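What follows is structure.csv (CSV, C-alpha atoms).
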```csv
chain,number,residue,atom,x,y,z
A,1,MET,CA,-56.0,-37.6,102.2
A,2,ALA,CA,-58.5,-37.1,99.3
A,3,LYS,CA,-60.6,-39.5,97.3
A,4,LEU,CA,-59.5,-38.8,93.7
A,5,GLY,CA,-60.0,-40.4,90.3
A,6,PHE,CA,-57.8,-40.8,87.3
A,7,ILE,CA,-58.9,-41.7,83.8
A,8,GLY,CA,-56.5,-42.5,81.0
A,9,LEU,CA,-53.3,-44.4,81.9
A,10,GLY,CA,-51.1,-43.8,78.9
A,11,LEU,CA,-47.6,-42.4,78.6
A,12,MET,CA,-48.6,-39.3,80.6
A,13,GLY,CA,-51.6,-40.5,82.7
A,14,HIS,CA,-50.0,-43.6,84.2
A,15,PRO,CA,-47.1,-41.7,86.0
A,16,MET,CA,-49.4,-38.9,86.9
A,17,ALA,CA,-51.8,-41.3,88.7
A,18,GLU,CA,-48.8,-43.0,90.4
A,19,HIS,CA,-47.8,-39.6,91.9
A,20,LEU,CA,-51.3,-39.1,93.3
A,21,LEU,CA,-51.2,-42.6,94.8
A,22,ASP,CA,-47.7,-42.1,96.2
A,23,ALA,CA,-48.9,-38.8,97.8
A,24,GLY,CA,-51.3,-41.0,99.9
A,25,HIS,CA,-54.5,-40.2,98.1
A,26,GLN,CA,-57.1,-42.9,97.4
A,27,VAL,CA,-57.3,-43.0,93.6
A,28,ALA,CA,-60.1,-44.7,91.5
A,29,LEU,CA,-58.6,-45.8,88.2
A,30,TRP,CA,-60.1,-46.5,84.8
A,31,THR,CA,-58.6,-46.8,81.3
A,32,LYS,CA,-59.6,-48.6,78.1
A,33,THR,CA,-56.9,-51.2,78.6
A,34,THR,CA,-58.4,-52.9,81.7
A,35,ALA,CA,-55.2,-54.7,82.7
A,36,LYS,CA,-53.4,-51.4,83.1
A,37,ALA,CA,-55.9,-50.1,85.6
A,38,GLN,CA,-56.1,-53.4,87.4
A,39,LYS,CA,-52.3,-53.5,87.8
A,40,LEU,CA,-52.0,-49.9,89.1
A,41,ALA,CA,-54.9,-50.6,91.5
A,42,GLU,CA,-52.7,-53.1,93.2
A,43,HIS,CA,-51.1,-50.0,94.9
A,44,ALA,CA,-52.3,-49.8,98.5
A,45,ASN,CA,-54.4,-46.7,97.7
A,46,GLY,CA,-55.7,-47.8,94.3
A,47,VAL,CA,-59.3,-48.6,93.4
A,48,PHE,CA,-60.1,-50.4,90.1
A,49,CYS,CA,-63.2,-49.2,88.4
A,50,GLU,CA,-65.0,-50.9,85.5
A,51,THR,CA,-66.5,-47.7,84.1
A,52,PRO,CA,-65.8,-43.9,84.2
A,53,LYS,CA,-69.2,-43.6,85.9
A,54,GLN,CA,-67.8,-45.5,88.9
A,55,VAL,CA,-64.8,-43.2,89.0
A,56,GLY,CA,-67.2,-40.2,89.2
A,57,GLU,CA,-69.2,-41.9,92.0
A,58,PHE,CA,-66.0,-42.4,94.0
A,59,ALA,CA,-64.0,-39.2,93.6
A,60,GLU,CA,-64.3,-35.7,94.8
A,61,CYS,CA,-62.0,-34.7,91.9
A,62,VAL,CA,-61.6,-36.7,88.7
A,63,PHE,CA,-58.4,-36.1,86.7
A,64,LEU,CA,-58.1,-37.4,83.2
A,65,CYS,CA,-55.5,-37.3,80.5
A,66,VAL,CA,-56.7,-38.7,77.2
A,67,GLY,CA,-55.8,-38.3,73.5
A,68,ASP,CA,-58.3,-35.9,72.0
A,69,SER,CA,-61.6,-34.1,72.3
A,70,ALA,CA,-63.7,-37.1,71.3
A,71,MET,CA,-62.1,-39.2,74.0
A,72,SER,CA,-62.8,-36.6,76.6
A,73,GLU,CA,-66.4,-36.3,75.6
A,74,GLU,CA,-66.8,-40.1,75.6
A,75,VAL,CA,-65.4,-40.7,79.1
A,76,LEU,CA,-67.0,-37.7,80.7
A,77,THR,CA,-70.4,-37.3,79.1
A,78,GLY,CA,-70.9,-40.5,77.1
A,79,GLU,CA,-72.7,-43.7,78.2
A,80,ASP,CA,-71.5,-44.7,81.7
A,81,GLY,CA,-69.5,-41.5,81.7
A,82,VAL,CA,-68.2,-39.6,84.8
A,83,ILE,CA,-71.2,-37.2,84.6
A,84,GLU,CA,-73.6,-40.1,85.4
A,85,GLY,CA,-71.8,-40.7,88.7
A,86,ILE,CA,-70.5,-37.3,89.8
A,87,SER,CA,-72.1,-35.7,92.9
A,88,ALA,CA,-72.9,-32.0,93.2
A,89,GLY,CA,-69.9,-29.9,94.2
A,90,ASN,CA,-67.3,-32.3,92.9
A,91,ILE,CA,-64.8,-31.6,90.2
A,92,VAL,CA,-63.4,-32.7,86.9
A,93,ALA,CA,-59.9,-31.5,86.0
A,94,ASP,CA,-59.2,-32.4,82.4
A,95,CYS,CA,-55.5,-32.5,81.7
A,96,SER,CA,-56.0,-33.5,78.1
A,97,THR,CA,-55.2,-31.1,75.2
A,98,ILE,CA,-58.5,-30.7,73.6
A,99,SER,CA,-60.5,-28.1,71.8
A,100,PRO,CA,-61.4,-25.0,73.9
A,101,TYR,CA,-64.9,-25.2,72.4
A,102,THR,CA,-65.2,-28.8,73.6
A,103,ALA,CA,-64.0,-27.8,77.1
A,104,ARG,CA,-66.6,-25.0,77.3
A,105,LYS,CA,-69.3,-27.5,76.2
A,106,LEU,CA,-68.2,-30.0,78.9
A,107,ALA,CA,-68.1,-27.3,81.5
A,108,ALA,CA,-71.7,-26.4,80.8
A,109,ALA,CA,-72.8,-30.0,81.1
A,110,PHE,CA,-71.2,-30.4,84.5
A,111,GLU,CA,-72.5,-27.1,85.7
A,112,ALA,CA,-76.0,-28.3,84.9
A,113,LYS,CA,-75.3,-31.1,87.4
A,114,ASP,CA,-74.0,-28.5,90.0
A,115,ALA,CA,-70.5,-29.9,89.5
A,116,HIS,CA,-67.3,-28.2,88.3
A,117,TYR,CA,-65.0,-28.6,85.3
A,118,LEU,CA,-61.5,-27.2,84.8
A,119,ASP,CA,-59.5,-27.3,81.6
A,120,ALA,CA,-56.0,-28.1,82.9
A,121,PRO,CA,-53.7,-29.2,80.0
A,122,CYS,CA,-50.1,-29.8,80.9
A,123,THR,CA,-46.7,-29.7,79.3
A,124,GLY,CA,-43.5,-31.6,80.0
A,125,SER,CA,-44.0,-34.7,78.0
A,126,THR,CA,-43.4,-38.2,79.5
A,127,PRO,CA,-40.3,-37.2,81.4
A,128,GLY,CA,-42.1,-34.4,83.1
A,129,ALA,CA,-45.0,-36.8,84.0
A,130,GLN,CA,-42.6,-39.4,85.4
A,131,GLY,CA,-40.6,-36.8,87.4
A,132,GLY,CA,-43.7,-35.0,88.7
A,133,THR,CA,-42.4,-31.8,87.2
A,134,LEU,CA,-45.2,-31.0,84.7
A,135,THR,CA,-46.4,-27.4,84.0
A,136,PHE,CA,-50.2,-27.0,84.2
A,137,MET,CA,-52.2,-24.2,82.5
A,138,VAL,CA,-55.7,-24.0,84.0
A,139,GLY,CA,-58.9,-22.4,82.9
A,140,GLY,CA,-62.2,-22.2,84.9
A,141,SER,CA,-63.3,-20.9,88.3
A,142,LYS,CA,-60.4,-19.4,90.4
A,143,GLU,CA,-62.1,-20.7,93.5
A,144,ILE,CA,-62.2,-24.3,92.2
A,145,TYR,CA,-58.6,-23.9,90.9
A,146,ASP,CA,-57.5,-23.0,94.5
A,147,ARG,CA,-59.4,-26.0,95.9
A,148,VAL,CA,-57.6,-28.5,93.6
A,149,MET,CA,-54.1,-27.0,93.8
A,150,PRO,CA,-52.9,-29.3,96.7
A,151,TRP,CA,-53.7,-32.3,94.5
A,152,PHE,CA,-52.0,-30.9,91.4
A,153,GLU,CA,-48.9,-30.3,93.4
A,154,ALA,CA,-48.2,-34.1,93.5
A,155,MET,CA,-47.9,-34.1,89.7
A,156,GLY,CA,-46.3,-30.8,88.7
A,157,LYS,CA,-43.9,-28.0,89.5
A,158,ASN,CA,-45.3,-25.0,87.7
A,159,PHE,CA,-48.9,-23.8,87.8
A,160,TYR,CA,-50.6,-21.0,85.8
A,161,TYR,CA,-54.2,-19.9,86.3
A,162,CYS,CA,-55.0,-18.5,82.9
A,163,GLY,CA,-58.6,-17.2,83.4
A,164,GLY,CA,-62.1,-18.4,82.5
A,165,GLN,CA,-63.2,-21.6,80.9
A,166,GLY,CA,-61.0,-22.7,77.9
A,167,MET,CA,-58.2,-20.2,78.7
A,168,GLY,CA,-55.8,-23.0,79.9
A,169,LEU,CA,-56.2,-24.7,76.6
A,170,HIS,CA,-55.7,-21.4,74.7
A,171,ALA,CA,-52.4,-21.0,76.6
A,172,LYS,CA,-51.4,-24.6,76.0
A,173,LEU,CA,-52.1,-24.5,72.2
A,174,SER,CA,-50.2,-21.2,71.9
A,175,GLN,CA,-47.2,-22.8,73.7
A,176,ASN,CA,-47.3,-25.8,71.4
A,177,LEU,CA,-47.6,-23.6,68.3
A,178,VAL,CA,-44.3,-22.1,69.1
A,179,LEU,CA,-42.8,-25.5,69.9
A,180,ALA,CA,-44.1,-27.0,66.6
A,181,ASN,CA,-42.8,-24.2,64.5
A,182,MET,CA,-39.4,-24.3,66.3
A,183,LEU,CA,-39.2,-28.1,65.7
A,184,GLN,CA,-39.9,-27.5,62.0
A,185,GLY,CA,-37.1,-25.0,61.7
A,186,PHE,CA,-34.7,-27.3,63.6
A,187,VAL,CA,-35.5,-30.2,61.4
A,188,GLU,CA,-35.0,-28.2,58.2
A,189,GLY,CA,-31.8,-26.6,59.4
A,190,MET,CA,-30.2,-29.9,60.5
A,191,VAL,CA,-31.0,-31.7,57.3
A,192,LEU,CA,-29.7,-28.8,55.3
A,193,ALA,CA,-26.4,-28.7,57.3
A,194,THR,CA,-26.0,-32.5,57.1
A,195,LYS,CA,-26.6,-32.4,53.3
A,196,ALA,CA,-23.9,-29.8,53.0
A,197,GLY,CA,-21.4,-31.9,54.9
A,198,VAL,CA,-21.5,-30.2,58.3
A,199,GLU,CA,-21.3,-32.8,61.1
A,200,PRO,CA,-24.6,-33.0,63.0
A,201,GLU,CA,-22.9,-32.8,66.4
A,202,LEU,CA,-20.9,-29.8,65.3
A,203,MET,CA,-24.0,-28.1,64.0
A,204,PHE,CA,-25.8,-28.7,67.3
A,205,ASP,CA,-22.9,-27.2,69.3
A,206,ILE,CA,-23.1,-24.1,67.1
A,207,LEU,CA,-26.8,-23.8,67.7
A,208,ASP,CA,-26.4,-24.4,71.4
A,209,ASN,CA,-24.0,-21.5,71.6
A,210,SER,CA,-25.9,-19.0,69.5
A,211,ALA,CA,-29.2,-17.0,69.6
A,212,ALA,CA,-30.8,-20.2,68.2
A,213,LYS,CA,-30.2,-22.0,71.5
A,214,ALA,CA,-33.5,-23.6,72.8
A,215,GLY,CA,-34.5,-26.1,75.3
A,216,LEU,CA,-36.3,-28.1,72.6
A,217,ILE,CA,-33.1,-28.4,70.6
A,218,SER,CA,-31.0,-29.4,73.6
A,219,PHE,CA,-33.6,-32.1,74.5
A,220,LYS,CA,-34.3,-33.5,71.0
A,221,ALA,CA,-30.9,-33.3,69.2
A,222,PRO,CA,-29.1,-36.1,71.2
A,223,GLN,CA,-32.2,-38.3,70.7
A,224,ILE,CA,-32.0,-37.8,66.9
A,225,PHE,CA,-28.3,-38.3,66.8
A,226,LYS,CA,-28.8,-41.7,68.6
A,227,ARG,CA,-31.7,-42.5,66.2
A,228,ASN,CA,-33.9,-43.1,69.2
A,229,PHE,CA,-37.4,-42.1,68.4
A,230,ALA,CA,-39.2,-43.7,71.4
A,231,ALA,CA,-42.2,-41.5,72.1
A,232,ALA,CA,-42.0,-38.9,74.8
A,233,PHE,CA,-44.6,-36.9,72.9
A,234,PRO,CA,-45.9,-38.8,69.9
A,235,LEU,CA,-45.9,-37.1,66.5
A,236,LYS,CA,-49.6,-37.9,65.9
A,237,TRP,CA,-50.6,-36.0,69.0
A,238,MET,CA,-48.6,-32.9,68.0
A,239,LYS,CA,-50.3,-33.1,64.6
A,240,LYS,CA,-53.7,-33.2,66.5
A,241,ASP,CA,-52.7,-30.2,68.6
A,242,ILE,CA,-51.7,-28.2,65.5
A,243,SER,CA,-55.2,-28.9,64.1
A,244,LEU,CA,-56.7,-27.4,67.2
A,245,MET,CA,-54.4,-24.3,66.8
A,246,LEU,CA,-55.7,-23.8,63.3
A,247,GLU,CA,-59.3,-24.3,64.4
A,248,SER,CA,-58.8,-21.7,67.1
A,249,GLY,CA,-57.1,-19.3,64.7
A,250,ARG,CA,-60.1,-19.6,62.2
A,251,GLU,CA,-62.6,-19.0,65.0
A,252,MET,CA,-60.8,-15.8,66.2
A,253,GLY,CA,-59.7,-14.5,62.7
A,254,VAL,CA,-56.0,-15.0,63.4
A,255,PRO,CA,-54.0,-16.1,60.4
A,256,LEU,CA,-51.4,-18.8,61.1
A,257,PRO,CA,-49.6,-19.4,57.8
A,258,ASN,CA,-46.4,-21.0,59.1
A,259,THR,CA,-48.4,-23.3,61.4
A,260,ALA,CA,-50.6,-24.4,58.5
A,261,LEU,CA,-47.6,-25.5,56.6
A,262,VAL,CA,-46.2,-27.3,59.6
A,263,HIS,CA,-49.5,-29.1,60.0
A,264,GLU,CA,-49.3,-30.4,56.4
A,265,MET,CA,-45.7,-31.6,56.9
A,266,PHE,CA,-46.5,-33.4,60.2
A,267,THR,CA,-49.6,-34.9,58.6
A,268,ALA,CA,-47.3,-36.3,55.9
A,269,GLY,CA,-45.0,-37.7,58.6
A,270,VAL,CA,-47.9,-39.4,60.3
A,271,ALA,CA,-49.1,-40.8,56.9
A,272,ARG,CA,-45.6,-42.1,56.3
A,273,GLY,CA,-45.9,-44.2,59.5
A,274,TYR,CA,-44.1,-42.1,62.1
A,275,GLY,CA,-47.2,-41.1,64.1
A,276,ASP,CA,-46.5,-43.3,67.1
A,277,GLU,CA,-42.9,-42.2,67.3
A,278,ASP,CA,-41.6,-39.1,69.1
A,279,ILE,CA,-42.1,-35.6,67.6
A,280,ALA,CA,-38.4,-35.7,66.7
A,281,ALA,CA,-39.3,-38.3,64.1
A,282,ALA,CA,-40.6,-35.3,62.0
A,283,ILE,CA,-37.0,-35.2,60.7
A,284,LYS,CA,-37.3,-38.6,59.0
A,285,LEU,CA,-39.5,-37.2,56.2
A,286,PHE,CA,-37.0,-34.5,55.4
A,287,GLU,CA,-34.1,-36.9,55.5
A,288,GLU,CA,-35.9,-38.9,52.9
A,289,PHE,CA,-36.5,-35.8,50.8
A,290,ALA,CA,-32.8,-34.9,51.0
A,291,GLY,CA,-31.3,-38.4,50.9
A,292,VAL,CA,-29.3,-37.9,54.1
A,293,GLU,CA,-29.5,-39.2,57.7
A,294,VAL,CA,-28.8,-36.9,60.7
A,295,LYS,CA,-26.9,-39.1,63.1
A,296,GLY,CA,-24.1,-38.9,65.6
A,297,LYS,CA,-20.7,-40.5,65.2
A,298,ASP,CA,-21.6,-43.2,67.8
A,299,ALA,CA,-25.1,-44.0,66.4
```

Now that the file is in, can you turn its structure into structure tokens?
Amino acid sequence: MAKLGFIGLGLMGHPMAEHLLDAGHQVALWTKTTAKAQKLAEHANGVFCETPKQVGEFAECVFLCVGDSAMSEEVLTGEDGVIEGISAGNIVADCSTISPYTARKLAAAFEAKDAHYLDAPCTGSTPGAQGGTLTFMVGGSKEIYDRVMPWFEAMGKNFYYCGGQGMGLHAKLSQNLVLANMLQGFVEGMVLATKAGVEPELMFDILDNSAAKAGLISFKAPQIFKRNFAAAFPLKWMKKDISLMLESGREMGVPLPNTALVHEMFTAGVARGYGDEDIAAAIKLFEEFAGVEVKGKDA
């Protein structure tokens, strides 16, 4: 079994690290909330670390799943970061959704230490992390991708090698762009139908049996009808991802007009206080605008 590391034990990272432990790997653990890492390190194969540097010293491959680009840079190349402990030939697999520009900068820093960096963002939200069914989109060296694949398989079900450095992130951001715009359309449509007097569950059944049928709608509609906005994918992180989409669009000269509007609406939702709730909470702002609530009969 391998000596691995995991940094960031939040909604996604904690179950991902658990799967690596359950697969029999030794896993060095660090997160900002020390108690979380200490608790998970009680697992037979867990190793508690006081700094990311210690994780880098221990592991032949360090996985991480943190919130944004700044966090990745902090734990990887900041003071007491992984780069200070990593040995030549070892690997960082960054499962965070960050800027492709940041990923390329991080990769260059590790290459200067004769180490390797993969951008490996994942999709599937918290249920996918818990079930070990995540989808990974990976950018970087194909040789290094092939080397880490056996370890990824403990955490996911679908794996896509997307090309050189940053390409996994470009794929992930494009996927989330479609998701965000789809969510915006669903939110507007459900509020419009409810305001007109169409029962939400009837409207969902119509959507589910039409060309508008989508996995996102099937997953999120029951949650909205029950008024359950516990975060599987927090709204604030989708808003962050949309910012990265727009940044990439500007860099490459690709206009993203619909996405720009969705960004402003999700920003308003975060400002309204819904940022730590699930992305489905984007509907709350529109409910306030329209003076209706989209809920099921049994809510």

**Q.** Nearest to A:Met245 by atom-to-atom distance, counting only C-alpha atoms, from A:Pro100, A:Gly185, A:Pro127, A:Gly164
**A.**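 That would be A:Pro100, the residue with the smallest distance to A:Met245.
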
Q: To one decimal in Å, tell me the separation between atom CA of A:Ala196 and atom CA of A:Ala268.
A: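 We find that atom CA of A:Ala196 and atom CA of A:Ala268 lie 24.5 Å from each other.
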
Surrounding residues of A:Asn228 excluding itself and chain neighbours under 2 positions, 10 Å, all atoms listed in the file, as a short mmCIF file (atom, residue, chain, number, x, y, z; two decimals) with C-alpha atoms, in the frame of the given file:
```cif
data_model
loop_
_atom_site.label_atom_id
_atom_site.label_comp_id
_atom_site.auth_asym_id
_atom_site.auth_seq_id
_atom_site.Cartn_x
_atom_site.Cartn_y
_atom_site.Cartn_z
CA LYS A 220 -34.30 -33.50 71.00
CA PRO A 222 -29.10 -36.10 71.20
CA GLN A 223 -32.20 -38.30 70.70
CA ILE A 224 -32.00 -37.80 66.90
CA PHE A 225 -28.30 -38.30 66.80
CA LYS A 226 -28.80 -41.70 68.60
CA ALA A 230 -39.20 -43.70 71.40
CA ALA A 231 -42.20 -41.50 72.10
CA GLU A 277 -42.90 -42.20 67.30
CA ASP A 278 -41.60 -39.10 69.10
CA ALA A 280 -38.40 -35.70 66.70
CA ALA A 281 -39.30 -38.30 64.10
CA ALA A 299 -25.10 -44.00 66.40
#
```

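Each of A:Gln165, A:Asn258, A:Ser99, A:Ser69 was compared to A:Leu118 using only C-alpha atoms, and A:Gln165 turns out to be the nearest.
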
Q: Considering all atoms listed in the file, state which residue in the set A:Gly215, A:Gly140, A:Gly249, A:Gly67 is at the smallest distance from A:Trp237.
A: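 Selected residue with least distance to A:Trp237: A:Gly67.
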
Q.
Using Å and a single decimal, report how far atom CA of A:Val66 sits from atom CA of A:Gly168.
A. 16.0 Å

Q | Residue with smallest distance to A:Glu42 - pool A:Arg272, A:Val27, A:Val138, A:Leu235, counting only C-alpha atoms | A |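 Of A:Arg272, A:Val27, A:Val138, A:Leu235, the one nearest A:Glu42 is A:Val27, counting only C-alpha atoms.
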
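As for atom CA of A:Met1 and atom CA of A:Phe63, they are spaced 15.8 Å apart.
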
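Nearest residue to A:Phe152 among A:Ile86, A:Met238, A:Leu4, A:Met265 is A:Leu4, counting all atoms listed in the file.
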
Q) Which of these, A:Lys53, A:Gly8, A:His25, A:Ile242, has the shortest distance to A:Ser72 once you count all atoms listed in the file? A) A:Gly8

Given 4 Å on each side, where is the centre and what are the edge lengths in Å to one decimal of the axis-aligned box enclosing the listed atoms of stretch 32-48 of chain A, as AutoDock Vina command-line options?
```
--center_x -55.6 --center_y -50.7 --center_z 88.3 --size_x 17.0 --size_y 16.0 --size_z 28.4
```
